[in-house]
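K.L.:
So I've got this file, target29.txt, and it contains compact mmCIF, C-alpha atoms and all ligand atoms:
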```txt
# COMPACT_ATOMS: atom_id res chain seq x y z
CA MET Y 112 -16.10 48.40 3.77
CA LYS Y 113 -17.27 48.39 7.36
CA ILE Y 114 -20.87 47.60 8.20
CA ALA Y 115 -22.26 48.00 11.70
CA VAL Y 116 -25.06 45.47 12.12
CA LEU Y 117 -27.57 46.48 14.80
CA PRO Y 118 -30.22 43.73 15.03
CA GLY Y 119 -32.23 45.22 17.92
CA ASP Y 120 -35.41 43.71 19.33
CA GLY Y 121 -38.17 41.28 18.43
CA ILE Y 122 -37.79 39.94 14.91
CA GLY Y 123 -34.82 42.30 14.32
CA PRO Y 124 -32.15 39.63 14.96
CA GLU Y 125 -33.89 37.10 12.69
CA VAL Y 126 -34.36 39.41 9.73
CA THR Y 127 -30.88 40.95 9.97
CA ALA Y 128 -29.31 37.49 10.14
CA ALA Y 129 -31.09 36.61 6.90
CA ALA Y 130 -29.85 39.81 5.25
CA VAL Y 131 -26.29 39.21 6.47
CA ALA Y 132 -26.45 35.69 5.01
CA VAL Y 133 -27.40 37.20 1.65
CA LEU Y 134 -24.47 39.64 1.85
CA ASN Y 135 -22.14 36.78 2.75
CA ALA Y 136 -23.45 34.74 -0.18
CA LEU Y 137 -22.30 37.52 -2.52
CA ALA Y 138 -18.77 37.03 -1.13
CA LEU Y 139 -17.86 40.68 -1.63
CA PRO Y 140 -14.16 41.23 -1.04
CA GLY Y 141 -13.26 43.64 1.76
CA LEU Y 142 -16.54 43.54 3.64
CA THR Y 143 -16.26 43.53 7.44
CA LEU Y 144 -19.27 43.29 9.75
CA PHE Y 145 -19.48 44.35 13.39
CA GLU Y 146 -22.48 43.72 15.62
CA GLY Y 147 -23.82 46.00 18.35
CA ASP Y 148 -26.71 46.16 20.80
CA VAL Y 149 -29.53 48.61 20.27
CA GLY Y 150 -33.09 49.11 21.58
CA GLY Y 151 -34.71 47.21 24.42
CA ILE Y 152 -32.01 44.55 24.42
CA ALA Y 153 -29.37 47.27 24.84
CA TYR Y 154 -31.34 48.80 27.69
CA LYS Y 155 -31.46 45.42 29.40
CA ARG Y 156 -27.75 44.73 28.91
CA HIS Y 157 -26.27 48.21 29.27
CA GLY Y 158 -28.96 50.37 30.84
CA HIS Y 159 -29.46 52.49 27.71
CA PRO Y 160 -31.22 51.86 24.36
CA LEU Y 161 -28.31 53.45 22.48
CA PRO Y 162 -25.13 52.70 24.45
CA PRO Y 163 -22.12 54.91 23.64
CA GLU Y 164 -20.23 51.89 22.24
CA THR Y 165 -23.02 51.26 19.74
CA LEU Y 166 -23.11 54.88 18.63
CA ALA Y 167 -19.32 54.88 18.27
CA MET Y 168 -19.48 51.69 16.20
CA ALA Y 169 -22.10 53.26 13.92
CA ARG Y 170 -19.97 56.38 13.49
CA GLU Y 171 -16.90 54.37 12.55
CA ALA Y 172 -18.73 52.26 10.00
CA ASP Y 173 -19.35 53.09 6.34
CA ALA Y 174 -22.95 51.93 6.68
CA VAL Y 175 -25.34 50.63 9.32
CA LEU Y 176 -27.69 47.71 8.81
CA PHE Y 177 -30.48 48.05 11.33
CA GLY Y 178 -33.16 45.54 12.31
CA ALA Y 179 -35.94 46.89 14.50
CA VAL Y 180 -36.46 48.29 17.98
CA GLY Y 181 -39.45 48.06 20.26
CA ASP Y 182 -40.20 45.88 23.25
CA PRO Y 183 -43.54 45.96 25.09
CA SER Y 184 -41.76 45.27 28.39
CA CYS Y 185 -40.05 48.67 27.99
CA ASP Y 186 -43.22 50.67 27.28
CA SER Y 187 -43.53 52.02 30.79
CA LEU Y 188 -39.93 53.25 30.99
CA GLU Y 189 -39.26 56.96 30.94
CA ARG Y 190 -39.43 58.11 27.31
CA HIS Y 191 -35.67 58.69 26.94
CA LEU Y 192 -34.98 55.05 27.88
CA ARG Y 193 -37.50 53.48 25.53
CA PRO Y 194 -36.19 51.38 22.62
CA GLU Y 195 -37.61 53.74 19.95
CA GLN Y 196 -35.33 56.49 21.23
CA ALA Y 197 -32.37 54.51 19.89
CA ILE Y 198 -33.39 54.82 16.25
CA LEU Y 199 -34.45 58.45 16.68
CA ALA Y 200 -31.11 59.27 18.33
CA LEU Y 201 -29.13 57.39 15.68
CA ARG Y 202 -30.87 59.34 12.92
CA LYS Y 203 -30.25 62.63 14.68
CA GLU Y 204 -26.68 61.94 15.86
CA LEU Y 205 -25.60 60.63 12.47
CA GLY Y 206 -27.27 63.50 10.59
CA LEU Y 207 -29.44 61.14 8.55
CA PHE Y 208 -32.06 63.63 7.42
CA ALA Y 209 -33.09 61.95 4.17
CA ASN Y 210 -35.17 58.81 4.34
CA LEU Y 211 -35.81 57.02 1.05
CA ARG Y 212 -38.71 54.59 1.10
CA PRO Y 213 -39.38 53.05 -2.29
CA ALA Y 214 -42.73 51.30 -2.60
CA ARG Y 215 -43.64 49.29 -5.64
CA VAL Y 216 -45.70 46.31 -6.56
CA PHE Y 217 -43.48 43.70 -8.19
CA ALA Y 218 -44.74 42.71 -11.66
CA GLY Y 219 -46.88 39.61 -11.43
CA LEU Y 220 -47.51 40.15 -7.72
CA GLU Y 221 -50.48 42.49 -8.03
CA HIS Y 222 -52.60 39.85 -6.31
CA LEU Y 223 -50.67 40.42 -3.07
CA SER Y 224 -52.03 43.94 -2.86
CA PRO Y 225 -55.38 44.65 -1.25
CA LEU Y 226 -55.94 47.08 -4.11
CA ARG Y 227 -57.64 46.10 -7.36
CA ALA Y 228 -55.00 44.50 -9.61
CA ASP Y 229 -55.13 47.23 -12.27
CA ILE Y 230 -54.58 49.91 -9.62
CA ALA Y 231 -51.91 47.92 -7.80
CA ALA Y 232 -49.97 47.40 -11.03
CA SER Y 233 -49.35 51.15 -11.27
CA LEU Y 234 -47.97 51.52 -7.73
CA ASP Y 235 -44.30 52.47 -8.01
CA MET Y 236 -43.26 55.45 -5.95
CA LEU Y 237 -40.37 56.76 -3.93
CA ILE Y 238 -41.26 58.44 -0.66
CA VAL Y 239 -38.59 60.92 0.40
CA ARG Y 240 -39.26 61.57 4.07
CA GLU Y 241 -37.45 64.22 6.12
CA LEU Y 242 -36.09 62.37 9.14
CA THR Y 243 -34.47 64.63 11.72
CA GLY Y 244 -36.95 67.45 12.24
CA ASP Y 245 -40.67 68.18 12.54
CA VAL Y 246 -42.84 67.40 15.55
CA TYR Y 247 -40.66 64.31 16.15
CA PHE Y 248 -37.78 66.39 17.46
CA GLY Y 249 -39.53 69.47 18.77
CA ALA Y 250 -40.01 70.37 22.41
CA LYS Y 251 -42.68 68.31 24.11
CA GLY Y 252 -44.14 68.03 27.52
CA ARG Y 253 -47.03 67.89 29.90
CA ARG Y 254 -48.74 70.80 31.56
CA VAL Y 255 -51.76 71.48 33.68
CA SER Y 256 -54.32 73.93 32.38
CA GLU Y 257 -55.81 76.67 34.51
CA ALA Y 258 -58.84 74.45 34.96
CA GLY Y 259 -56.51 71.81 36.41
CA GLU Y 260 -56.69 69.47 33.43
CA HIS Y 261 -53.61 67.55 32.24
CA GLU Y 262 -52.45 68.42 28.74
CA GLY Y 263 -49.79 66.94 26.48
CA TRP Y 264 -48.05 69.09 23.87
CA ASP Y 265 -45.52 68.62 21.05
CA ALA Y 266 -44.05 71.47 19.04
CA MET Y 267 -43.96 71.13 15.25
CA SER Y 268 -41.43 73.23 13.37
CA TYR Y 269 -39.16 73.23 10.35
CA ALA Y 270 -36.26 75.53 9.68
CA GLU Y 271 -35.70 76.68 6.12
CA HIS Y 272 -32.39 74.82 5.73
CA GLU Y 273 -34.02 71.56 6.82
CA VAL Y 274 -36.67 71.85 4.13
CA ARG Y 275 -34.20 73.00 1.50
CA ARG Y 276 -31.77 70.10 1.89
CA ILE Y 277 -34.45 67.37 1.83
CA ALA Y 278 -36.15 69.08 -1.13
CA HIS Y 279 -32.87 68.92 -3.04
CA VAL Y 280 -32.58 65.18 -2.32
CA ALA Y 281 -36.09 64.60 -3.64
CA PHE Y 282 -35.72 66.82 -6.71
CA ARG Y 283 -32.39 65.20 -7.60
CA ALA Y 284 -34.01 61.76 -7.34
CA ALA Y 285 -36.95 62.86 -9.47
CA GLU Y 286 -34.65 64.44 -12.05
CA ALA Y 287 -32.42 61.37 -12.27
CA ALA Y 288 -35.38 59.01 -12.69
CA GLY Y 289 -37.42 61.31 -14.94
CA LEU Y 290 -40.31 61.18 -12.46
CA PRO Y 291 -42.79 63.84 -11.35
CA LEU Y 292 -42.53 65.12 -7.78
CA THR Y 293 -45.36 65.77 -5.36
CA SER Y 294 -44.66 67.72 -2.18
CA VAL Y 295 -47.07 66.68 0.55
CA ASP Y 296 -47.99 69.05 3.37
CA LYS Y 297 -50.91 70.48 5.32
CA ALA Y 298 -50.45 74.11 4.32
CA ASN Y 299 -54.17 74.82 4.62
CA VAL Y 300 -53.85 74.47 8.39
CA LEU Y 301 -50.22 74.43 9.54
CA GLU Y 302 -47.74 77.31 9.42
CA THR Y 303 -44.91 74.75 9.41
CA SER Y 304 -46.36 73.43 6.16
CA GLN Y 305 -46.69 76.91 4.65
CA LEU Y 306 -42.98 77.49 5.17
CA TRP Y 307 -42.31 74.01 3.77
CA ARG Y 308 -44.30 74.90 0.66
CA ASP Y 309 -42.60 78.27 0.18
CA VAL Y 310 -39.15 76.70 0.35
CA VAL Y 311 -40.08 73.80 -1.95
CA ILE Y 312 -41.27 76.30 -4.57
CA GLU Y 313 -37.88 78.04 -4.40
CA VAL Y 314 -35.97 74.78 -4.73
CA ALA Y 315 -38.21 73.65 -7.59
CA ALA Y 316 -37.03 76.61 -9.65
CA GLU Y 317 -33.60 74.97 -9.77
CA TYR Y 318 -35.06 71.85 -11.40
CA PRO Y 319 -36.93 73.12 -14.45
CA ASP Y 320 -37.11 69.61 -15.93
CA VAL Y 321 -39.02 68.14 -13.00
CA THR Y 322 -42.81 68.36 -13.10
CA PHE Y 323 -44.01 69.10 -9.61
CA ASP Y 324 -47.11 69.88 -7.60
CA HIS Y 325 -48.26 70.19 -3.99
CA MET Y 326 -50.85 68.08 -2.25
CA TYR Y 327 -52.43 68.15 1.18
CA VAL Y 328 -51.62 65.07 3.19
CA ASP Y 329 -55.22 63.93 3.64
CA ASN Y 330 -55.76 64.02 -0.10
CA ALA Y 331 -52.40 62.29 -0.63
CA ALA Y 332 -53.48 59.43 1.63
CA MET Y 333 -56.54 58.99 -0.52
CA GLN Y 334 -54.63 59.22 -3.83
CA VAL Y 335 -51.94 56.73 -2.75
CA VAL Y 336 -54.55 54.00 -2.66
CA SER Y 337 -56.98 55.24 -5.33
CA HIS Y 338 -54.59 56.63 -7.98
CA PRO Y 339 -51.06 55.49 -7.11
CA ASP Y 340 -50.09 56.05 -10.76
CA ARG Y 341 -50.13 59.80 -10.22
CA PHE Y 342 -47.06 59.62 -7.95
CA GLY Y 343 -43.40 59.35 -8.86
CA VAL Y 344 -41.50 60.92 -6.00
CA ILE Y 345 -43.31 62.08 -2.86
CA LEU Y 346 -41.44 64.69 -0.83
CA THR Y 347 -42.75 65.11 2.69
CA GLY Y 348 -41.98 65.81 6.34
CA ASN Y 349 -41.18 63.41 9.14
CA LEU Y 350 -44.67 62.77 10.53
CA PHE Y 351 -46.55 62.67 7.23
CA GLY Y 352 -43.83 60.46 5.74
CA ASP Y 353 -44.11 58.03 8.63
CA ILE Y 354 -47.82 57.61 8.01
CA LEU Y 355 -47.80 57.64 4.20
CA SER Y 356 -45.01 55.07 4.02
CA ASP Y 357 -46.97 52.59 6.13
CA LEU Y 358 -49.97 53.25 3.92
CA ALA Y 359 -47.93 52.68 0.77
CA SER Y 360 -46.50 49.47 2.21
CA ALA Y 361 -49.96 48.12 3.01
CA ALA Y 362 -50.95 48.96 -0.56
CA VAL Y 363 -48.00 46.92 -1.85
CA GLY Y 364 -49.29 43.98 0.12
CA SER Y 365 -47.17 43.91 3.21
CA ILE Y 366 -45.01 46.04 5.40
CA GLY Y 367 -42.66 43.05 5.26
CA LEU Y 368 -41.52 44.03 1.78
CA LEU Y 369 -40.47 47.64 2.18
CA PRO Y 370 -36.84 48.66 2.70
CA SER Y 371 -35.49 52.07 3.54
CA ALA Y 372 -32.30 54.07 3.36
CA SER Y 373 -31.52 56.97 5.68
CA LEU Y 374 -28.83 59.22 4.30
CA GLY Y 375 -27.02 62.37 5.30
CA GLU Y 376 -24.25 64.41 3.80
CA ARG Y 377 -21.23 62.39 4.90
CA GLU Y 378 -19.29 60.75 2.09
CA THR Y 379 -17.03 57.80 2.83
CA ALA Y 380 -14.37 56.30 0.57
CA PHE Y 381 -17.09 54.13 -0.99
CA GLY Y 382 -20.26 56.19 -1.17
CA THR Y 383 -22.72 58.01 1.07
CA PHE Y 384 -22.82 56.97 4.71
CA GLY Y 385 -26.26 55.62 5.54
CA LEU Y 386 -28.44 53.54 7.81
CA TYR Y 387 -30.59 50.85 6.23
CA GLU Y 388 -33.62 49.33 7.87
CA PRO Y 389 -36.89 47.64 7.01
CA ILE Y 390 -39.80 49.99 7.60
CA HIS Y 391 -41.58 47.42 9.75
CA GLY Y 392 -41.17 47.23 13.50
CA SER Y 393 -40.04 44.56 15.93
CA ALA Y 394 -43.29 42.50 15.74
CA PRO Y 395 -42.96 41.09 19.28
CA ASP Y 396 -45.96 38.82 18.69
CA ILE Y 397 -44.01 36.62 16.26
CA ALA Y 398 -40.47 37.21 17.55
CA GLY Y 399 -38.19 34.22 17.98
CA GLN Y 400 -40.45 31.86 16.07
CA GLY Y 401 -38.67 31.96 12.72
CA LYS Y 402 -41.81 33.32 11.08
CA ALA Y 403 -40.74 36.84 10.13
CA ASN Y 404 -40.43 37.77 6.48
CA PRO Y 405 -36.82 38.99 6.02
CA MET Y 406 -37.38 40.46 2.55
CA ALA Y 407 -37.62 44.09 3.66
CA THR Y 408 -34.26 43.81 5.43
CA ILE Y 409 -32.69 41.94 2.52
CA LEU Y 410 -33.91 44.72 0.20
CA SER Y 411 -32.50 47.26 2.67
CA ALA Y 412 -29.11 45.55 2.34
CA ALA Y 413 -29.46 45.98 -1.43
CA MET Y 414 -30.08 49.71 -0.95
CA MET Y 415 -26.97 49.79 1.23
CA LEU Y 416 -24.82 48.25 -1.49
CA ARG Y 417 -26.14 50.82 -3.95
CA HIS Y 418 -25.96 54.01 -1.91
CA SER Y 419 -23.11 53.38 0.53
CA PHE Y 420 -20.84 51.16 -1.56
CA GLY Y 421 -21.63 52.02 -5.17
CA LEU Y 422 -22.28 48.33 -5.90
CA ASP Y 423 -25.26 48.81 -8.21
CA ALA Y 424 -24.98 45.48 -9.98
CA GLU Y 425 -24.87 43.53 -6.71
CA ALA Y 426 -27.84 45.52 -5.39
CA ALA Y 427 -29.79 44.65 -8.52
CA ARG Y 428 -28.87 40.97 -8.10
CA ILE Y 429 -30.41 40.97 -4.63
CA GLU Y 430 -33.53 42.78 -5.81
CA SER Y 431 -34.05 40.38 -8.71
CA ALA Y 432 -33.53 37.41 -6.40
CA VAL Y 433 -36.19 38.71 -4.00
CA ALA Y 434 -38.61 39.31 -6.88
CA ALA Y 435 -37.93 35.80 -8.20
CA ALA Y 436 -38.45 34.21 -4.77
CA LEU Y 437 -41.75 36.05 -4.43
CA ALA Y 438 -42.82 35.02 -7.92
CA ASP Y 439 -41.94 31.41 -7.06
CA GLY Y 440 -44.31 31.57 -4.12
CA PHE Y 441 -41.95 32.06 -1.19
CA LEU Y 442 -44.43 34.11 0.79
CA GLY Y 443 -44.25 34.78 4.49
CA GLY Y 444 -47.22 34.83 6.81
CA ASP Y 445 -47.51 38.59 6.24
CA LEU Y 446 -48.44 37.78 2.64
CA GLY Y 447 -50.76 34.93 3.43
CA GLY Y 448 -48.03 32.33 2.84
CA SER Y 449 -46.49 29.83 5.20
CA HIS Y 450 -42.78 30.22 4.56
CA GLY Y 451 -40.55 31.13 7.48
CA THR Y 452 -37.50 33.35 7.76
CA ALA Y 453 -34.99 30.59 6.99
CA ALA Y 454 -36.84 29.24 3.95
CA ILE Y 455 -37.32 32.72 2.48
CA GLY Y 456 -33.68 33.65 3.11
CA GLU Y 457 -32.52 30.44 1.49
CA ALA Y 458 -34.84 30.95 -1.49
CA VAL Y 459 -33.40 34.43 -2.06
CA ARG Y 460 -29.80 33.20 -1.76
CA ALA Y 461 -30.51 30.38 -4.21
CA ARG Y 462 -31.74 32.96 -6.75
CA LEU Y 463 -28.78 35.33 -6.55
C1 LIG C 1 -40.43 54.24 11.27
C2 LIG C 1 -40.88 53.93 12.67
C3 LIG C 1 -40.22 54.90 13.64
C4 LIG C 1 -40.67 56.29 13.24
C5 LIG C 1 -40.49 54.62 15.12
C6 LIG C 1 -40.04 53.23 15.52
C7 LIG C 1 -39.87 55.65 16.02
O1 LIG C 1 -42.27 53.96 12.73
O2 LIG C 1 -39.21 54.16 11.02
O3 LIG C 1 -41.26 54.55 10.43
O4 LIG C 1 -41.74 56.74 13.65
O5 LIG C 1 -39.94 56.93 12.50
MG MG C 2 -43.22 54.22 10.84
```
Can you turn what I pasted into structure tokens?
Ligand code: IPM
Ligand code: MG

P.N.:
Amino acid sequence: MKIAVLPGDGIGPEVTAAAVAVLNALALPGLTLFEGDVGGIAYKRHGHPLPPETLAMAREADAVLFGAVGDPSCDSLERHLRPEQAILALRKELGLFANLRPARVFAGLEHLSPLRADIAASLDMLIVRELTGDVYFGAKGRRVSEAGEHEGWDAMSYAEHEVRRIAHVAFRAAEAAGLPLTSVDKANVLETSQLWRDVVIEVAAEYPDVTFDHMYVDNAAMQVVSHPDRFGVILTGNLFGDILSDLASAAVGSIGLLPSASLGERETAFGTFGLYEPIHGSAPDIAGQGKANPMATILSAAMMLRHSFGLDAEAARIESAVAAALADGFLGGDLGGSHGTAAIGEAVRARL
């Protein structure tokens, strides 16, 4: 079981180290870890945010554990050399079109949410975000209008097969969990969304047991924080999923608690190949100070054990240990606590 560990920038190395320590504590036989450079650090060392050796390492692995990319000192580089391009290229190159972002308020931790406790208690949803299409990967550029004004443009599009395959992922998840599915789009304005909606309706016909509806993204943003109980699985595109998942994480209490799995169609000897990363970024303001909350990355490692290695029991052990550490008050600064990366990592390991 080969895992490529790509720590990246900012707090990435700290949070991935904590997650690796949790994996090591489980002493799983046959686990081998490799480490590679990605993001701003890779640009500085190798002249590219995703060096060919790193991509090759990711391809050879059965799963990738990813930290974060983003470095303010790289913000003025040409776009294709910026750290963020590394994660976008990894997703695209590895065919990881399905991004699973579960968001739930742990029982007893409703007070960590900025929502009223009774509303927070009902927040338990899975956001299924399409990850390799949409306006993220369309043509983009600058142009000068006839009046001589500079304009920026980005093309949004979805092909039928892209919508179909992500819809199947979401419907299968909803069916397996007995949850309702809401497809989120902006079909009242965007043609891309109208096609999305048409295809989702076709796919839905194959899942007669799943209750489903459509919702415009602006309304969905409102409902996620006012009536989170009305969501089970949210199926949505790349851009809307990016925004709604940050919103859902803030509703949970912190972006420092939300893991993610990015999956494609490739099966390995152990499970589905995937890339696992916290949904937070590199947080350069607190990097290197041992302050980052590693829980989102630790929970991402749990998702990795489940999806890429079929180790459901071990995944559940990690998740319970994180919940127990939270319940015992091991809160990072993101949650108003004062525990650092090392203390939180240790608290989780002690509760495995
Ligand atoms: C995320 C991040 C990325 C995205 C950035 C870093 C490119 O915000 O994973 O949600 O927009 O997908
Ligand atoms: Mg995001």

K.L.:
Around (-36.2, 64.3, -10.1), as given in the file, which residues come within 10 Å? Count only C-alpha atoms and list them as a PyMOL selection string.

P.N.:
chain Y and resi 279-292+315+318-323+343-344

K.L.:
Please build the interface table for chain Y against ligand MG 2 (chain C) with a cut-off of 7 Å, listing for each qualifying residue the nearest atom pair and the distance in Å to one decimal; count only C-alpha atoms and all ligand atoms, order rows by chain and increasing number, and write it as CSV.

P.N.:
```
residue,atom,partner,partner_atom,distance
Y:Asp353,CA,C:MG2,MG,4.5
Y:Ile354,CA,C:MG2,MG,6.4
Y:Asp357,CA,C:MG2,MG,6.2
Y:Ile390,CA,C:MG2,MG,6.3
```

K.L.:
Within 12 Å of region 421-424 of chain Y, which residues of region 112-219 of chain Y show up? Give each one with its shortest atom-to-atom distance in Å (one decimal) and the two atoms involved, counting only C-alpha atoms, rows by chain then rising residue number, as CSV.

P.N.:
```
residue,atom,partner,partner_atom,distance
Y:Met112,CA,Y:Gly421,CA,11.1
Y:Leu134,CA,Y:Leu422,CA,11.8
Y:Leu137,CA,Y:Ala424,CA,11.2
Y:Leu139,CA,Y:Leu422,CA,9.8
Y:Pro140,CA,Y:Leu422,CA,11.8
Y:Asp173,CA,Y:Gly421,CA,11.8
Y:Ala174,CA,Y:Gly421,CA,11.9
```

K.L.:
Just to confirm, what's the straight-line distance from CA of Ile366 (chain Y) to CA of Ala214 (chain Y) in Å (one decimal)?

P.N.:
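Taking CA of Ile366 (chain Y) as the start and CA of Ala214 (chain Y) as the end point, the length is 9.8 Å.
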
K.L.:
How far is it from CA of Thr452 (chain Y) to CA of Glu164 (chain Y), in Å with one decimal?

P.N.:
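Atom-to-atom, CA of Thr452 (chain Y) and CA of Glu164 (chain Y) are spaced 29.2 Å apart.
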
K.L.:
Taking only C-alpha atoms and all ligand atoms into account, which of Y:Gly352, Y:Gly206, Y:Pro183, Y:Gly141 comes nearest ligand LIG 1 (chain C)?

P.N.:
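Using only C-alpha atoms and all ligand atoms, ligand LIG 1 (chain C) sits closest to Y:Gly352.
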